[in-house]
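**Student:** Handing over model-v1.txt, compact mmCIF, C-alpha atoms.
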# COMPACT_ATOMS: atom_id res chain seq x y z
CA MET A 1408 -30.64 -19.62 16.31
CA LYS A 1409 -27.66 -21.86 17.02
CA ARG A 1410 -29.17 -24.61 14.88
CA ALA A 1411 -29.81 -22.15 12.01
CA LEU A 1412 -26.20 -21.02 12.19
CA ALA A 1413 -24.97 -24.60 12.19
CA ARG A 1414 -27.20 -25.37 9.18
CA GLN A 1415 -25.87 -22.32 7.33
CA THR A 1416 -22.30 -23.36 8.08
CA PHE A 1417 -23.05 -26.89 6.95
CA LEU A 1418 -24.47 -25.61 3.62
CA GLU A 1419 -21.48 -23.33 3.07
CA VAL A 1420 -19.02 -26.10 3.87
CA THR A 1421 -20.76 -28.60 1.59
CA THR A 1422 -20.57 -26.10 -1.25
CA LEU A 1423 -16.92 -25.41 -0.53
CA GLU A 1424 -15.86 -29.01 0.01
CA GLY A 1425 -15.35 -29.71 -3.69
CA GLU A 1426 -13.14 -26.68 -4.14
CA ILE A 1427 -11.20 -27.45 -0.98
CA GLU A 1428 -10.64 -30.99 -2.25
CA GLN A 1429 -9.26 -29.69 -5.53
CA LEU A 1430 -6.94 -27.38 -3.63
CA HIS A 1431 -5.83 -30.10 -1.20
CA PRO A 1432 -2.37 -30.81 -2.74
CA ALA A 1433 -1.62 -27.09 -3.06
CA SER A 1434 -2.90 -26.52 0.48
CA TYR A 1435 -0.60 -29.23 1.78
CA SER A 1436 2.39 -27.68 0.00
CA TRP A 1437 1.49 -24.32 1.47
CA ALA A 1438 1.09 -25.83 4.95
CA LEU A 1439 4.57 -27.33 4.53
CA ALA A 1440 6.02 -23.92 3.68
CA CYS A 1441 4.28 -22.44 6.73
CA CYS A 1442 5.74 -25.19 8.96
CA ARG A 1443 9.33 -24.97 7.73
CA PHE A 1444 8.83 -28.16 5.72
CA ARG A 1445 8.01 -30.38 8.69
CA ARG A 1446 5.62 -32.99 7.33
CA GLN A 1447 3.87 -34.09 10.50
CA GLU A 1448 3.30 -30.53 11.60
CA ALA A 1449 1.96 -29.57 8.15
CA GLU A 1450 -0.54 -32.44 8.22
CA ASP A 1451 -1.75 -31.45 11.68
CA VAL A 1452 -2.07 -27.82 10.63
CA LEU A 1453 -4.02 -28.73 7.51
CA GLN A 1454 -6.39 -30.91 9.50
CA SER A 1455 -6.89 -28.14 12.08
CA ALA A 1456 -7.59 -25.66 9.28
CA TYR A 1457 -10.27 -27.99 7.89
CA LEU A 1458 -11.68 -28.30 11.39
CA LYS A 1459 -11.91 -24.51 11.65
CA ILE A 1460 -13.86 -24.45 8.41
CA LEU A 1461 -16.20 -27.23 9.55
CA ASP A 1462 -16.76 -25.53 12.91
CA GLY A 1463 -17.54 -22.24 11.23
CA ARG A 1464 -14.61 -20.52 12.95
CA ALA A 1465 -13.25 -19.76 9.48
CA ARG A 1466 -15.91 -18.61 7.03
CA TYR A 1467 -15.60 -17.77 3.40
CA ASP A 1468 -17.23 -14.42 2.71
CA GLY A 1469 -16.54 -14.27 -1.02
CA ARG A 1470 -14.30 -11.20 -0.83
CA SER A 1471 -11.35 -13.09 -2.31
CA SER A 1472 -10.82 -16.32 -4.20
CA VAL A 1473 -11.31 -19.57 -2.28
CA ARG A 1474 -7.61 -20.33 -2.65
CA THR A 1475 -6.52 -17.00 -1.15
CA TRP A 1476 -8.96 -17.44 1.73
CA LEU A 1477 -7.99 -21.07 2.37
CA PHE A 1478 -4.28 -20.25 2.30
CA GLY A 1479 -4.93 -17.44 4.79
CA VAL A 1480 -6.73 -19.88 7.12
CA ILE A 1481 -3.87 -22.37 6.85
CA ARG A 1482 -1.28 -19.71 7.58
CA LYS A 1483 -3.17 -18.47 10.63
CA THR A 1484 -3.62 -22.02 11.88
CA ALA A 1485 0.12 -22.65 11.49
CA LEU A 1486 0.87 -19.49 13.49
CA ASP A 1487 -1.57 -20.55 16.23
CA ALA A 1488 -0.01 -24.01 16.36
CA ARG A 1489 3.47 -22.55 16.67
CA ARG A 1490 2.34 -20.16 19.41
CA ARG A 1491 0.65 -22.99 21.29
CA ARG A 1492 3.75 -25.13 21.06
CA TRP A 1493 5.90 -22.33 22.38
CA LEU A 1494 3.53 -21.79 25.27
CA GLU A 1495 3.66 -25.49 26.08
CA VAL A 1496 7.42 -25.45 25.98
CA LEU A 1497 7.69 -22.30 28.09
CA GLY A 1498 5.06 -23.57 30.50
CA LEU A 1499 7.08 -26.64 31.21
CA GLY A 1500 10.31 -24.68 31.33
CA GLN A 1501 12.05 -26.89 28.82
CA TRP A 1502 13.39 -26.06 25.42
CA ASN A 1503 13.54 -29.23 23.44
CA HIS A 1504 11.66 -31.94 25.24
CA VAL A 1505 8.30 -32.41 26.85
CA ASN A 1506 8.10 -35.70 28.77
CA GLY A 1507 11.04 -36.93 26.77
CA VAL A 1508 9.34 -36.26 23.43
CA PRO A 1509 11.07 -33.78 21.11
CA VAL A 1510 8.92 -30.72 20.50
CA LEU A 1511 11.16 -28.44 18.49
CA GLU A 1512 13.17 -30.23 15.90
CA VAL A 1513 16.46 -28.55 15.19
CA VAL A 1514 16.71 -30.10 11.76
CA PRO A 1515 13.51 -30.11 9.67
CA GLU A 1516 12.13 -33.60 9.33
CA ALA A 1517 11.96 -33.25 5.56
CA VAL A 1518 15.65 -32.46 5.35
CA GLU A 1519 16.45 -35.71 7.14
CA ALA A 1520 14.12 -37.66 4.88
CA VAL A 1521 15.93 -36.52 1.75
CA ALA A 1522 19.45 -36.85 3.09
CA ASP A 1523 20.28 -38.95 0.08
CA ARG A 1524 19.18 -36.14 -2.19
CA GLN A 1525 21.62 -33.55 -0.99
CA ARG A 1526 20.69 -30.75 -3.31
CA ARG A 1527 17.03 -30.85 -2.39
CA GLY A 1528 18.04 -31.03 1.22
CA ARG A 1529 20.11 -27.88 0.78
CA VAL A 1530 17.26 -26.07 -0.94
CA LEU A 1531 14.85 -27.06 1.83
CA GLN A 1532 17.34 -25.99 4.46
CA ALA A 1533 17.89 -22.63 2.78
CA LEU A 1534 14.13 -22.06 2.49
CA ALA A 1535 13.55 -23.11 6.09
CA GLU A 1536 16.21 -20.67 7.25
CA LEU A 1537 14.62 -17.71 5.49
CA PRO A 1538 12.62 -15.37 7.73
CA ARG A 1539 9.00 -16.55 7.86
CA ARG A 1540 7.42 -13.78 5.78
CA GLN A 1541 10.13 -13.93 3.12
CA ARG A 1542 9.75 -17.70 2.83
CA GLU A 1543 5.98 -17.42 2.61
CA VAL A 1544 5.87 -14.71 -0.02
CA LEU A 1545 8.46 -16.48 -2.19
CA ASP A 1546 6.59 -19.77 -1.92
CA LEU A 1547 3.31 -18.16 -2.90
CA VAL A 1548 4.82 -16.36 -5.87
CA PHE A 1549 7.29 -18.92 -7.19
CA TYR A 1550 5.50 -22.16 -6.37
CA HIS A 1551 1.82 -21.30 -6.26
CA GLY A 1552 2.09 -18.76 -9.07
CA MET A 1553 0.38 -15.95 -7.19
CA THR A 1554 0.96 -12.28 -7.82
CA ILE A 1555 2.58 -10.24 -5.07
CA ALA A 1556 -0.80 -8.58 -4.44
CA GLU A 1557 -2.47 -11.97 -3.92
CA ALA A 1558 0.40 -13.06 -1.67
CA ALA A 1559 -0.05 -9.87 0.35
CA GLU A 1560 -3.73 -10.75 0.80
CA VAL A 1561 -2.90 -14.25 2.03
CA LEU A 1562 -0.27 -12.91 4.44
CA GLY A 1563 -2.53 -10.09 5.60
CA VAL A 1564 0.09 -7.41 4.92
CA SER A 1565 0.16 -4.36 2.65
CA LEU A 1566 1.32 -4.68 -0.93
CA GLY A 1567 4.38 -2.55 -0.13
CA ALA A 1568 5.37 -4.77 2.78
CA ALA A 1569 4.91 -7.91 0.66
CA ARG A 1570 7.15 -6.37 -2.05
CA VAL A 1571 9.86 -5.68 0.52
CA HIS A 1572 9.73 -9.28 1.82
CA TYR A 1573 9.73 -10.57 -1.76
CA GLU A 1574 12.79 -8.53 -2.77
CA ARG A 1575 14.74 -9.35 0.39
CA GLY A 1576 13.94 -13.06 0.15
CA LYS A 1577 14.88 -13.14 -3.51
CA ARG A 1578 18.16 -11.40 -2.84
CA ARG A 1579 18.99 -13.73 0.02
CA LEU A 1580 18.10 -16.94 -1.80
CA GLY A 1581 19.63 -15.69 -5.05
CA ARG A 1582 22.94 -15.01 -3.31
CA GLU A 1583 23.16 -18.66 -2.35
CA PHE A 1584 21.82 -20.44 -5.39
CA VAL A 1585 21.58 -18.24 -8.48
CA ALA A 1586 25.04 -16.69 -8.12
CA GLU A 1587 26.51 -20.12 -7.41
CA ASP A 1588 25.04 -21.57 -10.63
CA CYS A 1589 26.14 -18.59 -12.71
CA SER A 1590 29.74 -18.86 -11.50
CA MET B 145 10.67 -13.11 -16.14
CA SER B 146 14.40 -12.92 -15.52
CA ASP B 147 16.81 -15.85 -15.34
CA ALA B 148 17.06 -15.41 -11.59
CA ASP B 149 13.26 -15.63 -11.27
CA ARG B 150 13.19 -18.76 -13.40
CA LYS B 151 15.93 -20.25 -11.25
CA LEU B 152 14.04 -19.46 -8.06
CA GLY B 153 10.92 -21.04 -9.55
CA GLU B 154 12.91 -24.20 -10.26
CA LEU B 155 14.26 -24.20 -6.71
CA HIS B 156 10.77 -24.02 -5.28
CA ARG B 157 9.51 -26.78 -7.54
CA GLU B 158 12.48 -28.86 -6.43
CA ALA B 159 11.74 -28.16 -2.78
CA HIS B 160 8.15 -29.26 -3.24
CA SER B 161 8.90 -32.22 -5.48
CA GLY B 162 8.57 -34.66 -2.60
CA ASP B 163 5.26 -33.29 -1.28
CA GLN B 164 2.94 -36.22 -0.79
CA PRO B 165 -0.20 -35.17 1.01
CA GLN B 166 -2.47 -37.64 2.72
CA PRO B 167 -5.57 -38.33 0.64
CA PHE B 168 -8.09 -35.53 1.02
CA ALA B 169 -10.77 -37.88 2.37
CA ARG B 170 -8.48 -38.87 5.23
CA SER B 171 -7.60 -35.32 6.32
CA TRP B 172 -11.17 -34.11 5.87
CA GLY B 173 -12.61 -37.18 7.59
CA ALA B 174 -10.30 -36.70 10.58
CA ALA B 175 -11.39 -33.05 10.80
CA VAL B 176 -15.06 -34.10 10.62
CA ALA B 177 -14.48 -36.62 13.43
CA ARG B 178 -12.79 -33.96 15.52
CA SER B 179 -15.57 -31.45 14.89
CA SER B 180 -18.23 -33.87 16.15
CA ARG B 181 -16.33 -34.31 19.42
CA PRO B 182 -17.49 -31.93 22.17
CA ARG B 183 -15.05 -29.07 22.44
CA ARG B 184 -13.31 -28.47 25.69
CA ARG B 185 -14.40 -25.11 26.98
CA ILE B 186 -12.46 -23.14 29.52
CA ARG B 187 -14.89 -22.29 32.32
CA PRO B 188 -15.12 -18.70 33.61
CA TRP B 189 -13.93 -19.74 37.08
CA VAL B 190 -10.70 -20.83 35.46
CA TRP B 191 -9.96 -17.75 33.42
CA ALA B 192 -11.57 -15.07 35.62
CA PRO B 193 -8.99 -15.32 38.45
CA ALA B 194 -6.24 -15.46 35.85
CA ALA B 195 -7.60 -12.30 34.18
CA LEU B 196 -7.88 -10.60 37.58
CA LEU B 197 -4.30 -11.55 38.40
CA VAL B 198 -3.09 -10.17 35.07
CA ALA B 199 -5.03 -6.92 35.68
CA VAL B 200 -3.61 -6.52 39.20
CA LEU B 201 -0.09 -7.26 38.00
CA SER B 202 -0.35 -4.78 35.14
CA VAL B 203 -1.66 -2.02 37.44
CA ALA B 204 1.12 -2.73 39.95
CA GLY B 205 3.67 -2.74 37.14
CA GLY B 206 2.32 0.54 35.79
CA LEU B 207 2.51 2.20 39.21
CA ARG B 208 6.02 0.93 39.72
CA ILE B 209 7.15 2.24 36.35
CA ARG B 210 5.52 5.59 37.10
CA SER B 211 7.20 5.95 40.48
CA ALA B 212 10.55 4.93 39.00
CA GLN B 213 10.10 7.57 36.31
CA ARG B 214 9.24 10.18 38.91
CA GLN B 215 12.36 9.32 40.90
CA ARG B 216 14.44 9.54 37.76
CA ASP B 217 13.02 12.98 36.95
CA MET B 218 13.71 14.18 40.47
CA ALA B 219 17.26 12.86 40.39
CA GLN B 220 17.79 14.62 37.08
CA GLU B 221 16.47 17.86 38.50
CA ILE B 222 18.72 17.58 41.53
CA SER B 223 21.72 16.83 39.35
CA LEU B 224 20.96 19.95 37.31
CA TRP B 225 20.96 22.04 40.45
CA ALA B 226 24.08 20.43 41.76
CA GLY B 227 25.81 20.68 38.42
CA ARG B 228 29.17 22.32 38.37
CA ASP B 229 31.15 23.77 35.56
CA PRO B 230 34.00 21.33 34.82
CA LEU B 231 36.35 24.25 34.13
CA GLY B 232 35.13 26.27 37.10
CA PHE B 233 38.35 25.58 39.01
CA LEU B 234 40.16 27.94 36.59
CA LEU B 235 38.26 30.83 38.12
CA GLU B 236 39.32 29.92 41.62
CA THR B 237 42.19 32.20 42.45
CA PRO B 238 44.24 32.32 45.64
CA GLY B 239 42.40 34.31 48.24
CA SER B 240 39.05 34.04 46.52
CA GLU B 241 37.53 32.65 49.74
CA LEU B 242 37.93 36.16 51.16
CA LEU B 243 35.52 37.42 48.51
CA GLN B 244 33.00 34.68 49.24
CA ALA B 245 33.13 34.84 53.03
CA VAL B 246 30.87 37.32 54.89
CA PRO B 247 33.00 39.43 57.22
CA THR B 248 32.01 39.67 60.87
CA PHE B 249 32.96 42.28 63.41
CA ASP B 250 33.53 41.63 67.07
CA SER B 251 32.31 43.80 69.94
CA LYS B 252 35.36 46.07 69.61
CA GLY B 253 34.55 46.71 66.00
CA GLU B 254 37.44 44.74 64.64
CA TRP B 255 37.04 42.81 61.39
CA ARG B 256 37.52 39.09 61.53
Since I need it in another form, could you write the structure as structure tokens?
**Tutor:**
Amino acid sequence: MKRALARQTFLEVTTLEGEIEQLHPASYSWALACCRFRRQEAEDVLQSAYLKILDGRARYDGRSSVRTWLFGVIRKTALDARRRRWLEVLGLGQWNHVNGVPVLEVVPEAVEAVADRQRRGRVLQALAELPRRQREVLDLVFYHGMTIAEAAEVLGVSLGAARVHYERGKRRLGREFVAEDCS
Amino acid sequence: MSDADRKLGELHREAHSGDQPQPFARSWGAAVARSSRPRRRIRPWVWAPAALLVAVLSVAGGLRIRSAQRQRDMAQEISLWAGRDPLGFLLETPGSELLQAVPTFDSKGEWR
């Protein structure tokens, strides 16, 4: 039984591998958005998401597009990773360091890496400071070109809730950047 | 699409302009290597006492909350009984204690 299940998973994964490969750059960008643009964390999350697929813990049932499903898996993996990190931090009773190694970076790594490109740094900072759902829905719509309904499916929220996050995020980001450019 | 939407699209493209993922084969290969490693399983003798402890703590917490609620209800009831009209003193007139006191008579029949 276990072997049959493993074989089935293997067949599914082999079929999906090509599509997952094509989606790899987009998946990485999405993982970055889920991890507040921290590169190392995004790479770990993406690898863990692939592991979930290989293990059969995440299975594609054909109810949505592969992209929507894969993005959902990545998002859930990012949430699990964040929760695990918080538990580690709380378990050791420290906020910023575990055995002297920084766990929670105050400034996103990506922002530091592009210090010379101030504008991009500001954009990344503003996006990282948005509430998680607002940042995610805006990224899915404006960068990945999804509809709000598709974004709602990835986030696992109702269409109405996704619309609210979309509008609030747009207003907040627009206040900082669009108004500034118009003035 | 409005100008603001176009602007937000540009901002997102700008934010993602530096995205350089590892090659797919590397990420996928690392995941394959991890999947072939035996997974660490948490044995029942590790989580069972923890689950029992959580259950006991939640029951104790529930009982404590319930008793605190009961005490609060009782205190409220008592305060209702003991409640006094804040303007009641206006009705207290000189000599009103005579009306509230029960008169007694001594053996000679005199009123005290």
**Student:** Could you pull the residues within 10 Å of Glu154 in chain B, counting all atoms listed in the file, minus those fewer than 6 positions along the same chain, as number ranges by chain?
**Tutor:** A: 1549-1550; B: 148, 160
**Student:** When you draw a straight line from CA of Gln1541 in chain A to CA of Pro167 in chain B, how long is it in Å?
**Tutor:**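 The value is 29.1 Å.
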**Student:** Got a sec to pull out which chain B residues are within 8 Å of chain A, counting only C-alpha atoms, and send them as an mmCIF file with C-alpha atoms, keeping the file's coordinate frame?
**Tutor:**
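This is the output file result-v5.cif:
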data_model
loop_
_atom_site.group_PDB
_atom_site.id
_atom_site.type_symbol
_atom_site.label_atom_id
_atom_site.label_comp_id
_atom_site.auth_asym_id
_atom_site.auth_seq_id
_atom_site.Cartn_x
_atom_site.Cartn_y
_atom_site.Cartn_z
ATOM 1 C CA ALA B 148 17.060 -15.410 -11.590
ATOM 2 C CA ASP B 149 13.260 -15.630 -11.270
ATOM 3 C CA LYS B 151 15.930 -20.250 -11.250
ATOM 4 C CA LEU B 152 14.040 -19.460 -8.060
ATOM 5 C CA GLY B 153 10.920 -21.040 -9.550
ATOM 6 C CA LEU B 155 14.260 -24.200 -6.710
ATOM 7 C CA HIS B 156 10.770 -24.020 -5.280
ATOM 8 C CA ARG B 157 9.510 -26.780 -7.540
ATOM 9 C CA GLU B 158 12.480 -28.860 -6.430
ATOM 10 C CA ALA B 159 11.740 -28.160 -2.780
ATOM 11 C CA HIS B 160 8.150 -29.260 -3.240
ATOM 12 C CA ASP B 163 5.260 -33.290 -1.280
ATOM 13 C CA GLN B 164 2.940 -36.220 -0.790
ATOM 14 C CA PRO B 165 -0.200 -35.170 1.010
ATOM 15 C CA GLN B 166 -2.470 -37.640 2.720
ATOM 16 C CA PHE B 168 -8.090 -35.530 1.020
ATOM 17 C CA SER B 171 -7.600 -35.320 6.320
ATOM 18 C CA TRP B 172 -11.170 -34.110 5.870
ATOM 19 C CA ALA B 174 -10.300 -36.700 10.580
ATOM 20 C CA ALA B 175 -11.390 -33.050 10.800
ATOM 21 C CA VAL B 176 -15.060 -34.100 10.620
ATOM 22 C CA ARG B 178 -12.790 -33.960 15.520
ATOM 23 C CA SER B 179 -15.570 -31.450 14.890
#
**Student:** Choose the residue, out of A:Ala1556, A:Ala1465, A:Ala1488, A:Val1473, that has the smallest atom-to-atom separation from Ala1438 in chain A; count all atoms listed in the file.
**Tutor:**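 Closest to Ala1438 in chain A, using all atoms listed in the file: A:Ala1488.
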**Student:** Give me, please, the distance in Å between CA of Ala192 in chain B and CA of Arg1466 in chain A, quoted to one decimal.
**Tutor:**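 Atom-to-atom, CA of Ala192 in chain B and CA of Arg1466 in chain A are spaced 29.1 Å apart.
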**Student:** Between CA of Gly1463 in chain A and CA of Thr1422 in chain A, what distance in Å does the model show, to one decimal?
**Tutor:**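 Distance reported for this atom pair: 13.4 Å.
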